file start.txt (compact mmCIF, C-alpha atoms)
# COMPACT_ATOMS: atom_id res chain seq x y z
CA MET A 1 7.93 -89.85 -85.15
CA HIS A 2 8.69 -86.18 -84.52
CA THR A 3 12.00 -84.85 -83.26
CA VAL A 4 12.11 -81.66 -81.18
CA VAL A 5 15.31 -79.62 -81.23
CA ARG A 6 15.75 -76.61 -78.95
CA VAL A 7 17.68 -73.84 -80.72
CA GLY A 8 17.48 -71.17 -78.01
CA ASP A 9 15.86 -70.29 -74.72
CA LEU A 10 12.47 -69.90 -76.41
CA ASP A 11 12.72 -71.37 -79.91
CA ILE A 12 12.34 -75.00 -80.93
CA ILE A 13 12.38 -76.74 -84.28
CA VAL A 14 10.20 -79.81 -84.87
CA LYS A 15 11.07 -82.32 -87.60
CA PRO A 16 9.05 -83.19 -89.58
CA SER A 17 7.23 -79.89 -89.33
CA PRO A 18 3.98 -79.73 -87.34
CA VAL A 19 0.98 -79.36 -89.63
CA ALA A 20 -2.35 -77.68 -88.89
CA LEU A 21 -5.41 -77.80 -91.14
CA VAL A 22 -6.88 -74.35 -91.66
CA TRP A 23 -10.55 -73.66 -92.34
CA SER A 24 -11.58 -70.46 -94.10
CA VAL A 25 -15.12 -70.46 -95.56
CA PRO A 26 -18.01 -72.93 -95.87
CA GLY A 27 -17.64 -75.26 -98.82
CA ARG A 28 -13.88 -74.85 -99.20
CA PRO A 29 -11.62 -77.75 -98.17
CA HIS A 30 -9.17 -77.30 -95.32
CA GLU A 31 -5.66 -76.23 -96.26
CA ALA A 32 -2.48 -77.54 -94.64
CA LEU A 33 -0.22 -75.07 -92.83
CA ALA A 34 3.28 -76.13 -91.76
CA ALA A 35 4.85 -74.56 -88.67
CA PRO A 36 8.43 -75.86 -88.35
CA GLY A 37 9.51 -73.30 -85.77
CA VAL A 38 7.69 -72.70 -82.50
CA ARG A 39 8.53 -70.04 -79.91
CA LEU A 40 7.57 -71.15 -76.42
CA ALA A 41 7.06 -68.22 -74.09
CA PRO A 42 7.38 -68.85 -70.33
CA GLY A 43 4.52 -71.10 -69.24
CA ASP A 44 3.91 -72.47 -72.74
CA ALA A 45 4.17 -76.07 -73.90
CA LEU A 46 4.01 -78.00 -77.15
CA VAL A 47 1.78 -81.09 -77.27
CA GLU A 48 1.63 -83.74 -79.96
CA VAL A 49 -2.01 -84.62 -80.59
CA GLU A 50 -2.93 -88.27 -80.07
CA LEU A 51 -6.64 -87.95 -80.86
CA ALA A 52 -9.09 -85.10 -81.37
CA THR A 53 -12.86 -85.44 -81.47
CA ILE A 54 -15.25 -83.33 -83.51
CA CYS A 55 -17.63 -81.26 -81.40
CA GLY A 56 -20.98 -80.12 -82.72
CA SER A 57 -19.73 -76.54 -82.70
CA ASP A 58 -16.98 -77.51 -85.17
CA VAL A 59 -19.64 -78.86 -87.52
CA ARG A 60 -21.78 -75.75 -87.15
CA THR A 61 -18.78 -73.56 -87.92
CA VAL A 62 -17.83 -75.30 -91.17
CA ARG A 63 -21.48 -75.23 -92.25
CA GLY A 64 -21.56 -71.48 -91.67
CA ASP A 65 -24.17 -71.72 -88.91
CA ARG A 66 -22.10 -69.81 -86.37
CA PRO A 67 -19.70 -66.86 -86.69
CA ALA A 68 -15.99 -67.65 -86.73
CA ALA A 69 -12.75 -65.66 -86.85
CA ALA A 70 -11.54 -67.30 -90.06
CA PRO A 71 -9.10 -68.48 -91.15
CA LEU A 72 -8.67 -70.68 -88.11
CA VAL A 73 -7.61 -74.12 -86.91
CA LEU A 74 -10.68 -75.81 -85.45
CA GLY A 75 -10.72 -78.48 -82.76
CA HIS A 76 -10.90 -78.11 -78.97
CA GLU A 77 -11.52 -81.67 -77.72
CA GLN A 78 -8.33 -83.71 -77.61
CA VAL A 79 -5.71 -85.67 -75.75
CA GLY A 80 -1.99 -85.48 -76.45
CA ARG A 81 1.54 -85.79 -75.13
CA VAL A 82 3.88 -83.00 -74.02
CA VAL A 83 6.95 -82.86 -76.28
CA ALA A 84 8.41 -79.48 -75.26
CA VAL A 85 8.02 -77.32 -72.16
CA GLY A 86 8.57 -73.62 -71.67
CA GLU A 87 10.06 -72.23 -68.50
CA GLY A 88 7.64 -72.40 -65.57
CA ALA A 89 4.92 -74.39 -67.36
CA VAL A 90 2.59 -76.02 -64.82
CA ARG A 91 -0.39 -78.32 -64.67
CA ALA A 92 -3.76 -77.11 -63.40
CA ASP A 93 -2.89 -78.28 -59.88
CA GLY A 94 0.25 -76.11 -59.86
CA SER A 95 2.74 -78.97 -60.21
CA PRO A 96 5.45 -78.68 -62.89
CA LEU A 97 4.48 -79.87 -66.36
CA GLU A 98 6.87 -82.57 -67.55
CA LEU A 99 7.99 -83.93 -70.90
CA GLY A 100 6.03 -87.04 -71.75
CA ASP A 101 2.93 -86.09 -69.76
CA ARG A 102 -0.24 -87.35 -71.41
CA VAL A 103 -2.66 -84.46 -71.04
CA VAL A 104 -5.93 -82.78 -71.86
CA TRP A 105 -6.36 -79.02 -71.59
CA SER A 106 -8.99 -76.34 -71.19
CA ILE A 107 -10.62 -74.61 -74.14
CA ALA A 108 -9.91 -71.26 -72.51
CA VAL A 109 -6.63 -69.42 -72.07
CA SER A 110 -7.17 -67.04 -69.15
CA CYS A 111 -5.15 -64.27 -67.56
CA GLY A 112 -6.05 -65.26 -63.98
CA GLU A 113 -5.94 -61.61 -62.89
CA CYS A 114 -8.97 -59.76 -64.30
CA ASP A 115 -12.17 -59.25 -62.33
CA ARG A 116 -13.88 -62.18 -64.04
CA CYS A 117 -11.02 -64.57 -63.38
CA LEU A 118 -10.91 -63.45 -59.76
CA ARG A 119 -14.65 -64.24 -59.52
CA GLY A 120 -13.93 -67.78 -60.77
CA LEU A 121 -15.17 -67.15 -64.31
CA THR A 122 -11.88 -67.98 -66.02
CA GLN A 123 -13.72 -69.31 -69.07
CA SER A 124 -15.01 -65.75 -69.63
CA CYS A 125 -11.72 -63.93 -68.99
CA ARG A 126 -11.59 -60.37 -70.31
CA SER A 127 -8.51 -61.23 -72.39
CA LEU A 128 -9.82 -64.68 -73.32
CA SER A 129 -8.32 -66.81 -76.08
CA LYS A 130 -9.84 -70.17 -77.02
CA TYR A 131 -8.37 -73.21 -78.68
CA GLY A 132 -10.10 -73.97 -81.95
CA HIS A 133 -11.74 -70.53 -82.11
CA GLU A 134 -8.95 -68.03 -82.87
CA ARG A 135 -7.94 -66.53 -86.19
CA VAL A 136 -4.61 -67.97 -87.29
CA HIS A 137 -1.81 -65.50 -86.75
CA ARG A 138 1.95 -65.52 -86.71
CA GLY A 139 3.26 -66.88 -83.44
CA TRP A 140 0.23 -69.04 -82.69
CA GLU A 141 -0.42 -71.10 -85.79
CA LEU A 142 -0.91 -74.28 -83.76
CA SER A 143 -4.01 -73.07 -81.94
CA GLY A 144 -6.52 -75.89 -82.58
CA SER A 145 -6.41 -79.65 -82.31
CA PHE A 146 -7.08 -80.48 -85.95
CA ALA A 147 -3.33 -80.54 -86.25
CA THR A 148 -0.36 -82.74 -85.44
CA HIS A 149 0.61 -80.42 -82.56
CA VAL A 150 -0.94 -77.69 -80.43
CA GLN A 151 0.96 -74.90 -78.71
CA LEU A 152 -0.44 -74.52 -75.21
CA ARG A 153 -0.16 -70.99 -73.93
CA SER A 154 0.41 -69.83 -70.40
CA GLY A 155 -2.98 -69.56 -68.68
CA THR A 156 -4.22 -72.91 -69.97
CA ALA A 157 -5.49 -75.44 -67.44
CA ILE A 158 -3.53 -78.61 -68.26
CA VAL A 159 -4.61 -81.89 -66.65
CA ARG A 160 -2.65 -85.12 -66.80
CA VAL A 161 -4.50 -88.32 -67.74
CA SER A 162 -3.43 -91.90 -67.17
CA GLU A 163 -1.75 -94.02 -69.82
CA ASN A 164 -4.51 -96.61 -69.52
CA MET A 165 -7.48 -94.40 -70.30
CA PRO A 166 -8.59 -94.87 -73.93
CA ALA A 167 -8.00 -91.78 -76.07
CA THR A 168 -11.64 -91.94 -77.18
CA VAL A 169 -12.69 -91.45 -73.55
CA ALA A 170 -10.13 -88.75 -72.71
CA ALA A 171 -10.42 -86.54 -75.81
CA PRO A 172 -13.93 -85.11 -75.17
CA ALA A 173 -13.01 -84.11 -71.59
CA PRO A 174 -12.12 -80.42 -72.25
CA CYS A 175 -15.54 -79.65 -73.74
CA ALA A 176 -18.31 -82.23 -73.29
CA THR A 177 -17.21 -83.80 -70.01
CA ALA A 178 -16.12 -80.56 -68.33
CA THR A 179 -19.35 -78.85 -69.43
CA ALA A 180 -21.32 -81.71 -67.85
CA VAL A 181 -19.49 -81.07 -64.58
CA ALA A 182 -20.26 -77.34 -64.83
CA ALA A 183 -23.94 -77.99 -65.54
CA LEU A 184 -24.33 -80.30 -62.55
CA ASP A 185 -22.41 -77.86 -60.35
CA ALA A 186 -24.95 -75.19 -61.29
CA ALA A 187 -27.85 -77.54 -60.57
CA SER A 188 -26.54 -78.89 -57.28
CA ALA A 189 -25.94 -75.37 -55.98
CA ARG A 190 -29.73 -75.21 -55.60
CA VAL A 191 -30.93 -78.84 -55.47
CA ASP A 192 -29.28 -81.86 -53.86
CA LEU A 193 -29.12 -84.50 -56.61
CA ASP A 194 -29.47 -87.49 -54.29
CA GLY A 195 -32.83 -89.09 -55.01
CA VAL A 196 -34.01 -86.24 -57.24
CA LEU A 197 -35.49 -86.72 -60.70
CA VAL A 198 -33.29 -85.09 -63.37
CA LEU A 199 -34.42 -84.42 -66.93
CA VAL A 200 -31.71 -84.19 -69.60
CA THR A 201 -32.96 -82.86 -72.93
CA ASP A 202 -30.41 -84.35 -75.32
CA GLY A 203 -28.57 -87.60 -75.83
CA GLY A 204 -25.39 -86.15 -77.29
CA MET A 205 -21.98 -86.41 -75.67
CA THR A 206 -22.64 -83.73 -73.06
CA GLY A 207 -26.16 -84.91 -72.28
CA LEU A 208 -25.15 -88.55 -71.89
CA THR A 209 -22.26 -87.51 -69.68
CA VAL A 210 -24.60 -85.41 -67.54
CA ALA A 211 -26.87 -88.44 -67.24
CA ALA A 212 -23.99 -90.71 -66.16
CA MET A 213 -22.74 -88.20 -63.60
CA ALA A 214 -26.23 -87.56 -62.20
CA LEU A 215 -26.81 -91.31 -61.86
CA ASP A 216 -23.45 -91.57 -60.13
CA ALA A 217 -24.77 -88.97 -57.65
CA ASP A 218 -27.80 -91.23 -56.97
CA ALA A 219 -30.29 -89.19 -58.97
CA GLU A 220 -33.09 -90.65 -61.09
CA VAL A 221 -32.55 -89.59 -64.72
CA ILE A 222 -34.70 -89.18 -67.82
CA VAL A 223 -32.93 -88.55 -71.14
CA SER A 224 -35.03 -87.13 -73.99
CA ASP A 225 -33.67 -87.61 -77.51
CA PRO A 226 -35.26 -88.40 -80.90
CA ASP A 227 -32.48 -90.84 -81.87
CA ALA A 228 -33.22 -94.46 -80.96
CA ALA A 229 -29.54 -95.44 -80.66
CA ARG A 230 -28.86 -92.62 -78.22
CA ARG A 231 -31.92 -93.54 -76.18
CA SER A 232 -30.64 -97.11 -76.07
CA PHE A 233 -27.25 -95.91 -74.83
CA ALA A 234 -28.93 -93.81 -72.13
CA ARG A 235 -30.77 -96.93 -70.93
CA ARG A 236 -27.48 -98.80 -70.74
CA LEU A 237 -26.23 -96.09 -68.40
CA GLY A 238 -29.24 -96.67 -66.16
CA ALA A 239 -31.42 -93.75 -67.28
CA VAL A 240 -34.99 -93.82 -68.54
CA ALA A 241 -35.18 -92.65 -72.14
CA VAL A 242 -38.05 -90.84 -73.87
CA ASP A 243 -38.70 -89.79 -77.44
CA PRO A 244 -39.75 -86.13 -77.90
CA GLY A 245 -41.27 -87.11 -81.25
CA ALA A 246 -43.30 -90.06 -79.98
CA ARG A 247 -46.95 -90.30 -81.01
CA ALA A 248 -49.79 -89.77 -78.59
CA GLY A 249 -50.31 -92.80 -76.41
CA SER A 250 -46.74 -94.05 -76.76
CA PRO A 251 -45.06 -95.21 -73.52
CA ASP A 252 -41.97 -93.29 -74.71
CA LEU A 253 -43.70 -89.93 -74.24
CA LEU A 254 -42.30 -87.71 -71.51
CA ASP A 255 -45.72 -87.22 -69.88
CA ALA A 256 -46.32 -90.98 -69.71
CA THR A 257 -42.88 -91.51 -68.21
CA LEU A 258 -43.43 -88.81 -65.60
CA ALA A 259 -46.73 -90.47 -64.68
CA ARG A 260 -44.90 -93.75 -64.08
CA PHE A 261 -42.40 -92.00 -61.82
CA ALA A 262 -45.28 -90.36 -59.94
CA ALA A 263 -46.83 -93.80 -59.41
CA ARG A 264 -43.59 -94.83 -57.72
CA GLY A 265 -43.80 -91.83 -55.42
CA ILE A 266 -41.20 -89.79 -57.31
CA GLY A 267 -42.34 -86.26 -58.04
CA GLU A 268 -41.69 -84.04 -61.02
CA PRO A 269 -38.12 -83.24 -62.08
CA LEU A 270 -36.42 -80.72 -59.84
CA VAL A 271 -33.45 -80.44 -62.20
CA ALA A 272 -33.61 -80.05 -65.97
CA ILE A 273 -30.41 -79.74 -67.97
CA GLU A 274 -30.67 -78.65 -71.59
CA THR A 275 -27.66 -79.58 -73.76
CA SER A 276 -29.06 -79.69 -77.31
CA GLY A 277 -29.15 -75.96 -77.94
CA THR A 278 -32.67 -76.08 -79.41
CA THR A 279 -35.45 -73.74 -78.39
CA ALA A 280 -37.99 -76.58 -78.27
CA ALA A 281 -35.86 -78.55 -75.80
CA ALA A 282 -35.28 -75.49 -73.65
CA SER A 283 -39.04 -74.85 -73.55
CA THR A 284 -39.65 -78.46 -72.53
CA ALA A 285 -37.08 -78.22 -69.75
CA ILE A 286 -38.57 -75.01 -68.37
CA SER A 287 -42.18 -76.17 -68.55
CA THR A 288 -41.46 -79.59 -67.02
CA VAL A 289 -39.33 -78.72 -64.00
CA GLY A 290 -41.19 -78.77 -60.72
CA VAL A 291 -41.72 -76.27 -57.92
CA GLY A 292 -38.42 -75.00 -56.53
CA GLY A 293 -36.53 -76.63 -59.39
CA ILE A 294 -33.68 -75.39 -61.54
CA VAL A 295 -33.13 -75.38 -65.30
CA VAL A 296 -29.55 -75.26 -66.57
CA LEU A 297 -29.05 -74.20 -70.19
CA ALA A 298 -25.77 -75.70 -71.36
CA GLY A 299 -26.16 -76.15 -75.12
CA SER A 300 -27.00 -72.73 -76.54
CA SER A 301 -23.64 -71.05 -77.13
CA ALA A 302 -24.40 -69.66 -80.60
CA PRO A 303 -27.03 -67.10 -81.66
CA GLY A 304 -30.37 -68.81 -82.17
CA SER A 305 -34.12 -68.44 -81.96
CA GLU A 306 -35.65 -66.43 -79.17
CA LEU A 307 -37.05 -68.33 -76.20
CA CYS A 308 -40.44 -67.22 -74.89
CA LEU A 309 -40.82 -67.32 -71.12
CA ASP A 310 -43.88 -66.98 -68.93
CA PRO A 311 -42.62 -64.92 -65.97
CA GLY A 312 -45.75 -65.68 -63.97
CA SER A 313 -45.23 -69.42 -64.27
CA LEU A 314 -41.58 -69.11 -63.25
CA VAL A 315 -42.49 -67.01 -60.23
CA ARG A 316 -45.36 -69.22 -59.08
CA ARG A 317 -43.24 -72.34 -59.37
CA LEU A 318 -40.15 -70.70 -57.83
CA VAL A 319 -38.12 -71.93 -60.81
CA THR A 320 -34.53 -70.84 -61.36
CA VAL A 321 -33.19 -70.64 -64.92
CA THR A 322 -29.43 -70.40 -65.22
CA SER A 323 -26.74 -71.23 -67.75
CA VAL A 324 -23.20 -72.48 -68.14
CA HIS A 325 -20.74 -71.83 -70.94
CA GLY A 326 -17.53 -73.81 -70.89
CA ALA A 327 -15.85 -74.84 -67.67
CA THR A 328 -13.11 -73.84 -65.28
CA GLY A 329 -9.80 -75.65 -64.94
CA GLU A 330 -10.96 -77.11 -61.64
CA GLN A 331 -14.08 -78.50 -63.32
CA LEU A 332 -11.92 -80.02 -66.07
CA ALA A 333 -9.79 -81.69 -63.40
CA ARG A 334 -12.92 -83.17 -61.80
CA ALA A 335 -14.13 -84.31 -65.23
CA VAL A 336 -10.89 -86.23 -65.69
CA ARG A 337 -11.18 -87.75 -62.21
CA PHE A 338 -14.69 -88.95 -63.05
CA LEU A 339 -13.47 -90.55 -66.28
CA GLU A 340 -10.48 -92.15 -64.55
CA ARG A 341 -12.83 -93.71 -62.00
CA THR A 342 -15.55 -94.89 -64.39
CA TRP A 343 -14.18 -95.57 -67.86
CA ARG A 344 -13.85 -99.31 -67.25
CA THR A 345 -17.53 -99.66 -66.34
CA LEU A 346 -19.22 -96.97 -68.46
CA PRO A 347 -19.18 -97.53 -72.25
CA PHE A 348 -18.12 -94.00 -73.24
CA GLU A 349 -15.44 -95.39 -75.57
CA GLU A 350 -18.22 -96.52 -77.90
CA LEU A 351 -19.47 -92.97 -78.46
CA VAL A 352 -16.57 -92.22 -80.83
CA GLY A 353 -17.92 -94.26 -83.70
CA ALA A 354 -15.33 -93.59 -86.40
CA THR A 355 -11.80 -92.21 -86.55
CA HIS A 356 -10.16 -90.60 -89.59
CA PRO A 357 -6.59 -89.54 -90.37
CA LEU A 358 -5.92 -85.81 -90.18
CA ALA A 359 -5.59 -85.68 -93.98
CA GLU A 360 -9.23 -86.77 -94.21
CA LEU A 361 -10.57 -84.05 -91.91
CA ASP A 362 -13.15 -82.81 -94.42
CA ALA A 363 -14.57 -86.32 -94.75
CA ALA A 364 -14.56 -86.65 -90.97
CA LEU A 365 -16.54 -83.42 -90.59
CA LEU A 366 -19.08 -84.61 -93.16
CA GLU A 367 -19.50 -87.84 -91.23
CA ALA A 368 -19.89 -85.93 -87.97
CA ALA A 369 -22.55 -83.72 -89.57
CA GLY A 370 -24.51 -86.83 -90.53
CA GLY A 371 -25.25 -87.52 -86.87
CA ARG A 372 -24.75 -91.27 -87.03
CA HIS A 373 -22.05 -91.11 -84.36
CA VAL A 374 -22.10 -89.07 -81.16
CA ARG A 375 -18.46 -88.21 -81.86
CA VAL A 376 -16.10 -88.72 -84.79
CA GLY A 377 -12.37 -88.88 -84.12
CA VAL A 378 -9.39 -87.37 -85.94
CA ALA A 379 -6.04 -89.11 -85.36
CA PRO A 380 -3.01 -87.24 -86.76
CA GLY A 381 -0.84 -90.33 -86.46
CA ARG A 382 -3.17 -92.52 -88.52
CA LYS A 383 -2.29 -93.02 -92.18
CA SER A 384 -4.78 -92.62 -95.00
CA LEU A 385 -5.82 -95.81 -96.78

call {"tool": "encode", "arguments": {"input": "start.txt", "output": "structure tokens"}}
result
Amino acid sequence: MHTVVRVGDLDIIVKPSPVALVWSVPGRPHEALAAPGVRLAPGDALVEVELATICGSDVRTVRGDRPAAAPLVLGHEQVGRVVAVGEGAVRADGSPLELGDRVVWSIAVSCGECDRCLRGLTQSCRSLSKYGHERVHRGWELSGSFATHVQLRSGTAIVRVSENMPATVAAPAPCATATAVAALDAASARVDLDGVLVLVTDGGMTGLTVAAMALDADAEVIVSDPDAARRSFARRLGAVAVDPGARAGSPDLLDATLARFAARGIGEPLVAIETSGTTAAASTAISTVGVGGIVVLAGSSAPGSELCLDPGSLVRRLVTVTSVHGATGEQLARAVRFLERTWRTLPFEELVGATHPLAELDAALLEAAGGRHVRVGVAPGRKSL
């Protein structure tokens, strides 16, 4: 149990001291950093982390597969409780943030005033800071969720979640769930999802969430993933699942599945959403989508292989290729509303297959890298065995 003592207008002391685990280079274990004193500027808040989940980008960072501003505190998917509030701190809907609020928050800290923010691109603010992505520096040591506490800065979209929602459902909301909302927003700006065939090229957390949301919008959905367990989960949601590695003649091939849809009078996919970040999946999405369709790239946030496009094919088929990166505060709020409405009937809680204490973060990251679980959890309040 932590005690928060205010020692001035801005300064608070937390006992025992908040602890963040700092990553520096691949192959080196995380190191603990204590931050007993926290200065809350106007609009800031301090949140005690209930549960964080390990995103694929966290794994790629510790493996050295993507650039990072080390040393840093990783972690950007989480749920926690507000334990201290700076003057004027508000939720995403503009209402006052209150002590005891159970919340999730955006990855991005945005100014709200630059040209990009005014265009609605707050996740690409010109003065952007991001939880779990910033080099540790004095004054913002608690900047990622692989910690007991996170200091939320003014400009963060903070969304309250119910006490009943399982932490395993709420924690992925700032990244996976909000990105799913953003991807479907981009798709539905061009194609009405009702009755349309949607192809999702990945059965990870974001892809499965996209599938669930598209089904909720009365779309027909195909999920393509090489993992049998993830295909099985997609079927439980109500999607049709295919195996991109299936042998010729297998009924699990995408072409065979599309033929079965055609026999039912359902045409080719008019929406394809790519969430794996692989070039092969992106190529499949672009080549499969039908005339007048849209492809949304939502998984390729790190430098990768070049993608070859046939401009003539895109033009002849009137295909739109677009992308999303992150989500706005409003999209995070809608992600939470979707989870609040569906968590009792959709088995998302099962996607967090293991949870480790914070002290075992390195083991948790190794388990996440193994791919057995869609998500692995990190619970600061859990004791090591």

call {"tool": "closest_residue", "arguments": {"input": "start.txt", "among": "A:Asp310, A:Asp185, A:Asp225, A:Glu220", "to": "Val296 of chain A", "atoms": "all atoms listed in the file"}}
result
A:Asp185

call {"tool": "residues_near_point", "arguments": {"input": "start.txt", "point": "(-43.3, -88.8, -78.8)", "cutoff": "12 Å", "atoms": "only C-alpha atoms", "output": "MDAnalysis selection string"}}
result
chainID A and resid 224:228 241:257

call {"tool": "closest_residue", "arguments": {"input": "start.txt", "among": "A:Gly144, A:Gly293, A:Gly312, A:Gly207", "to": "Ile273 of chain A", "atoms": "all atoms listed in the file"}}
result
A:Gly207

call {"tool": "atom_distance", "arguments": {"input": "start.txt", "atom1": "atom CA of Ala229 of chain A", "atom2": "atom CA of Gly370 of chain A"}}
result
14.0 Å

call {"tool": "closest_residue", "arguments": {"input": "start.txt", "among": "A:Ala178, A:Leu197, A:Ala281, A:Ala379", "to": "Gly80 of chain A", "atoms": "all atoms listed in the file"}}
result
A:Ala379

call {"tool": "residues_near_point", "arguments": {"input": "start.txt", "point": "(-7.3, -68.1, -91.6)", "cutoff": "6 Å", "atoms": "only C-alpha atoms", "output": "PyMOL selection string"}}
result
chain A and resi 24+70-72+135-136

call {"tool": "residues_around", "arguments": {"input": "start.txt", "residues": "Leu297 of chain A", "least_positions_apart": "4", "cutoff": "10 Å", "atoms": "all atoms listed in the file", "output": "PyMOL selection string"}}
result
chain A and resi 183+186+201+272-277+281-282+285-286+301+321-325

call {"tool": "atom_distance", "arguments": {"input": "start.txt", "atom1": "atom CA of Asp11 of chain A", "atom2": "atom CA of Ala359 of chain A"}}
result
27.2 Å

call {"tool": "residues_around", "arguments": {"input": "start.txt", "residues": "Trp343 of chain A", "least_positions_apart": "4", "cutoff": "12 Å", "atoms": "only C-alpha atoms", "output": "number ranges by chain"}}
result
A: 162, 164-170, 209, 212, 335-339, 347-350

call {"tool": "atom_distance", "arguments": {"input": "start.txt", "atom1": "atom CA of His133 of chain A", "atom2": "atom CA of Ala92 of chain A"}}
result
21.4 Å

call {"tool": "closest_residue", "arguments": {"input": "start.txt", "among": "A:Ala41, A:Cys114, A:Val315, A:Ile294", "to": "Ile12 of chain A", "atoms": "all atoms listed in the file"}}
result
A:Ala41

call {"tool": "closest_residue", "arguments": {"input": "start.txt", "among": "A:Cys111, A:Val82, A:Val14, A:Cys125", "to": "Val161 of chain A", "atoms": "all atoms listed in the file"}}
result
A:Val82

call {"tool": "residues_around", "arguments": {"input": "start.txt", "residues": "Val85 of chain A", "least_positions_apart": "4", "cutoff": "12 Å", "atoms": "all atoms listed in the file", "output": "ChimeraX atom specification"}}
result
/A:4-6,9-12,38-48,81,89-91,96-101,151-154

call {"tool": "closest_residue", "arguments": {"input": "start.txt", "among": "A:Asp218, A:Glu77, A:Asp65, A:Glu31", "to": "Ala171 of chain A", "atoms": "all atoms listed in the file"}}
result
A:Glu77

call {"tool": "residues_around", "arguments": {"input": "start.txt", "residues": "Asp58 of chain A", "least_positions_apart": "5", "cutoff": "12 Å", "atoms": "only C-alpha atoms", "output": "ChimeraX atom specification"}}
result
/A:23,26,52-53,63-68,72-77,131-133,144-146,175,302,361-362,364-366,368-369,375-376

call {"tool": "residues_around", "arguments": {"input": "start.txt", "residues": "Lys15 of chain A", "least_positions_apart": "6", "cutoff": "8 Å", "atoms": "all atoms listed in the file", "output": "PDB file with C-alpha atoms, keeping the file's coordinate frame"}}
result
ATOM      1  CA  HIS A   2       8.690 -86.180 -84.520  1.00  0.00           C
ATOM      2  CA  THR A   3      12.000 -84.850 -83.260  1.00  0.00           C
ATOM      3  CA  VAL A   4      12.110 -81.660 -81.180  1.00  0.00           C
ATOM      4  CA  PRO A  36       8.430 -75.860 -88.350  1.00  0.00           C
TER       5      PRO A  36
END

call {"tool": "decode", "arguments": {"input": "start.txt", "residues": "segment 90-94 of chain A", "atoms": "all heavy atoms", "output": "CSV table (one decimal), in the first residue's frame"}}
result
chain,number,residue,atom,x,y,z
A,90,VAL,N,-7.8,17.0,-16.0
A,90,VAL,CA,-9.2,16.6,-16.5
A,90,VAL,C,-9.1,15.3,-17.2
A,90,VAL,O,-8.0,14.9,-17.7
A,90,VAL,CB,-9.7,17.7,-17.5
A,90,VAL,CG1,-10.0,19.0,-16.7
A,90,VAL,CG2,-8.8,17.9,-18.7
A,91,ARG,N,-10.3,14.7,-17.4
A,91,ARG,CA,-10.4,13.5,-18.2
A,91,ARG,C,-10.5,13.9,-19.7
A,91,ARG,O,-10.7,15.1,-20.0
A,91,ARG,CB,-11.6,12.7,-17.8
A,91,ARG,CG,-11.7,12.4,-16.3
A,91,ARG,CD,-12.9,11.5,-15.9
A,91,ARG,NE,-13.1,11.4,-14.5
A,91,ARG,CZ,-14.0,11.8,-13.8
A,91,ARG,NH1,-15.0,12.5,-14.4
A,91,ARG,NH2,-14.1,11.6,-12.5
A,92,ALA,N,-10.5,12.9,-20.6
A,92,ALA,CA,-10.6,13.3,-22.0
A,92,ALA,C,-11.9,14.0,-22.4
A,92,ALA,O,-11.9,14.7,-23.3
A,92,ALA,CB,-10.5,12.0,-22.8
A,93,ASP,N,-13.0,13.8,-21.6
A,93,ASP,CA,-14.2,14.4,-21.9
A,93,ASP,C,-14.3,15.8,-21.3
A,93,ASP,O,-15.4,16.5,-21.4
A,93,ASP,CB,-15.4,13.6,-21.4
A,93,ASP,CG,-15.4,13.3,-19.9
A,93,ASP,OD1,-14.6,13.9,-19.2
A,93,ASP,OD2,-16.3,12.5,-19.4
A,94,GLY,N,-13.3,16.3,-20.6
A,94,GLY,CA,-13.2,17.6,-20.0
A,94,GLY,C,-13.7,17.7,-18.6
A,94,GLY,O,-13.5,18.7,-18.0
